Amino acid sequence: MAPSALPDGDPAPADGSLPLGVMPDADADFGVYLHIPFCRVRCGYCDFNTYTAEELRGERREDYPDAVAREIALAARVLGGTPRPARTVFFGGGTPTLLPAAALTRMLEDVREAFGIADGAEVTVEANPDTVTVESLRQLAAAGVTRVSIGMQSAVPHVLAALDRTHDPANVRSAVAAAREAGLDVSLDLIYGAPGESLADWRTSVETALALEPDHLSAYALIIEDGTKLARRIRSGEVPAPDDDLQADMYELVDDLAGAAGFDWYEVSNWARGESHRSRHNLAYWRGTDWWGFGPGAHSHVSGVRWWNVKHPAAYAQRLAQGISPAAAREIPDADATTLERVLLQSRIREGLPVDLVPASRRPQVAGLIADGLVEGADAVRGRVVLTRRGRLLADAVVRALTD
């Protein structure tokens, strides 16, 4: 099974330069995403750009930091006129912690040398609970990592099996304890709506996660992506498709339990124990600030220009070894596409979408959304579109109402 295809776009220049006339804003926030495209096994629901050992075509994991270092050097040249320290750094994947801590800290040091890292920056590493130890997390913390995001997914063995997750659920507790001992903030990531998962199963997972007292909780509805193993199993009738009504009940349950435990929602699928524990890196995406994504298949956004890298680690490394940008294509979204994206993303966060960003012809729709219980009336009076809980369940419908 191959990961999902890259989008179409305009040709990207071999030197990685920005379009003529596009100048990065030296005052705009800047984030860094480092994609680690390695997994031990491919989960049946996943279409991320990740590769098992058998899919690497001779590329070696231990050589990967060298390739990333070359792209970091390229980025420093492209952005050299407007040096900006990174306010957030995020190691995502894949499973970043399949690499030794020394490899991750080297990449972080390369970012620090190229751009600087702002005082008080948030530096996150995603982790599988089976691939971290107290010592590895101490090494990461000593290098400047501040936060670990642990892929818990479920506390129920048969749900993990349905998702093809291989970790021992008991190791989540050990991973959280190791992160705490290293002085790191902890986020736990859950998925709901797996085949065979009941509402009682989901309650078990949420209550187990909250009992570990994380700083942050993510809960994502299972989405069936074309081309995945799970999609084929559903199509063949081997397992049932997710039930929309059950998933809605599951969302309301996690929102209730998280709220009772002192967490506030700040994005449709994310809750934090106070504003200081929100994921600043992900908020930067939802607010549309600048970031450079390093690694195969990674996407970047600087001053309204978007580009994305070639997908396979071998092609990525080869281009950089030849002194060529790994970008596969790029685009500058037009005004309509930019408006749609801003509505889509900013309407999902607790601070809401400024009404001024809604197309003038669609602003009258806000009153109807309030009447339908999808948008908070008091916030709308103050000039922002903020979703109610029912609105969070029907967020796509809100976006259509404000943009179609």
# chains A, B, ... in the order shown; residues from 1 in each chain; ligands from 1
call {"tool": "residues_around", "arguments": {"residues": "stretch 167-178 of chain A", "least_positions_apart": "5", "cutoff": "6 Å", "atoms": "only C-alpha atoms", "output": "list in words"}}
result
Pro129, Asp130, Val134 and Ala155 of chain A
call {"tool": "write_last_selection", "arguments": {"atoms": "C-alpha atoms", "output": "short mmCIF file (atom, residue, chain, number, x, y, z; two decimals), in the first residue's frame"}}
result
data_model
loop_
_atom_site.label_atom_id
_atom_site.label_comp_id
_atom_site.auth_asym_id
_atom_site.auth_seq_id
_atom_site.Cartn_x
_atom_site.Cartn_y
_atom_site.Cartn_z
CA PRO A 129 4.92 4.27 23.79
CA ASP A 130 7.10 1.24 23.00
CA VAL A 134 13.67 7.52 30.63
CA ALA A 155 -6.55 1.46 26.06
#
call {"tool": "closest_atom_pairs", "arguments": {"of": "stretch 58-162 of chain A", "to": "stretch 265-280 of chain A", "cutoff": "12 Å", "atoms": "only C-alpha atoms", "output": "JSON lines"}}
result
{"residue": "A:Ala86", "atom": "CA", "partner": "A:Arg280", "partner_atom": "CA", "distance": 11.7}
{"residue": "A:Arg87", "atom": "CA", "partner": "A:Arg280", "partner_atom": "CA", "distance": 8.6}
{"residue": "A:Thr88", "atom": "CA", "partner": "A:Arg280", "partner_atom": "CA", "distance": 6.9}
{"residue": "A:Val89", "atom": "CA", "partner": "A:Arg280", "partner_atom": "CA", "distance": 9.5}
{"residue": "A:Phe90", "atom": "CA", "partner": "A:Arg280", "partner_atom": "CA", "distance": 9.9}
{"residue": "A:Gly120", "atom": "CA", "partner": "A:Ser276", "partner_atom": "CA", "distance": 11.3}
{"residue": "A:Ala121", "atom": "CA", "partner": "A:Arg280", "partner_atom": "CA", "distance": 9.1}
{"residue": "A:Glu122", "atom": "CA", "partner": "A:Arg280", "partner_atom": "CA", "distance": 7.0}
{"residue": "A:Val123", "atom": "CA", "partner": "A:Arg280", "partner_atom": "CA", "distance": 9.5}
{"residue": "A:Thr124", "atom": "CA", "partner": "A:Ser279", "partner_atom": "CA", "distance": 8.8}
{"residue": "A:Val125", "atom": "CA", "partner": "A:Ser279", "partner_atom": "CA", "distance": 11.8}
{"residue": "A:Thr146", "atom": "CA", "partner": "A:His277", "partner_atom": "CA", "distance": 10.8}
{"residue": "A:Arg147", "atom": "CA", "partner": "A:Ser279", "partner_atom": "CA", "distance": 9.3}
{"residue": "A:Val148", "atom": "CA", "partner": "A:Ser279", "partner_atom": "CA", "distance": 10.8}
{"residue": "A:Ser149", "atom": "CA", "partner": "A:Ser279", "partner_atom": "CA", "distance": 9.9}
call {"tool": "write_last_selection", "arguments": {"atoms": "N, CA and C atoms", "output": "short mmCIF file (atom, residue, chain, number, x, y, z; two decimals), in the first residue's frame"}}
result
data_model
loop_
_atom_site.label_atom_id
_atom_site.label_comp_id
_atom_site.auth_asym_id
_atom_site.auth_seq_id
_atom_site.Cartn_x
_atom_site.Cartn_y
_atom_site.Cartn_z
N ALA A 86 12.94 29.90 15.16
CA ALA A 86 11.75 29.06 15.20
C ALA A 86 11.06 29.19 16.55
N ARG A 87 9.77 29.47 16.52
CA ARG A 87 8.99 29.55 17.76
C ARG A 87 8.42 28.20 18.15
N THR A 88 8.29 27.33 17.17
CA THR A 88 7.86 25.95 17.43
C THR A 88 8.65 25.02 16.52
N VAL A 89 8.94 23.84 17.03
CA VAL A 89 9.56 22.77 16.26
C VAL A 89 8.77 21.51 16.56
N PHE A 90 8.44 20.75 15.52
CA PHE A 90 7.62 19.56 15.70
C PHE A 90 8.22 18.41 14.91
N GLY A 120 11.83 30.15 25.05
CA GLY A 120 10.50 29.66 25.38
C GLY A 120 9.81 28.92 24.27
N ALA A 121 10.56 28.51 23.24
CA ALA A 121 9.96 27.80 22.11
C ALA A 121 9.37 26.47 22.56
N GLU A 122 8.33 26.05 21.86
CA GLU A 122 7.74 24.73 22.06
C GLU A 122 8.40 23.76 21.08
N VAL A 123 8.96 22.67 21.61
CA VAL A 123 9.62 21.66 20.77
C VAL A 123 9.00 20.31 21.11
N THR A 124 8.29 19.74 20.14
CA THR A 124 7.49 18.52 20.37
C THR A 124 8.07 17.35 19.59
N VAL A 125 8.05 16.18 20.21
CA VAL A 125 8.40 14.93 19.53
C VAL A 125 7.23 13.96 19.68
N THR A 146 10.60 20.08 24.67
CA THR A 146 9.77 20.49 25.80
C THR A 146 8.52 19.64 25.96
N ARG A 147 8.20 18.83 24.94
CA ARG A 147 6.87 18.20 24.92
C ARG A 147 6.95 16.89 24.15
N VAL A 148 6.25 15.87 24.65
CA VAL A 148 6.17 14.61 23.93
C VAL A 148 4.70 14.28 23.70
N SER A 149 4.39 13.87 22.47
CA SER A 149 3.02 13.54 22.09
C SER A 149 2.96 12.03 21.86
#
call {"tool": "atom_distance", "arguments": {"atom1": "atom CA of A:Ala103", "atom2": "atom CA of A:Ser187"}}
result
22.1 Å
call {"tool": "residues_around", "arguments": {"residues": "A:Met107", "least_positions_apart": "2", "cutoff": "12 Å", "atoms": "only C-alpha atoms", "output": "number ranges by chain"}}
result
A: 32-36, 63-73, 89-91, 96, 99-105, 109-114, 125, 140, 143-145, 294-295
call {"tool": "residues_around", "arguments": {"residues": "A:Tyr192", "least_positions_apart": "3", "cutoff": "9 Å", "atoms": "only C-alpha atoms", "output": "PyMOL selection string"}}
result
chain A and resi 153-154+197+202+219-222+247+250-251
call {"tool": "atom_distance", "arguments": {"atom1": "atom CA of A:Trp286", "atom2": "atom CA of A:Val358"}}
result
15.7 Å
call {"tool": "select_by_dssp", "arguments": {"residues": "stretch 30-130 of chain A", "states": "helix (DSSP H, G or I)", "output": "PyMOL selection string"}}
result
chain A and resi 53-55+61-78+96-98+101-115+129-130
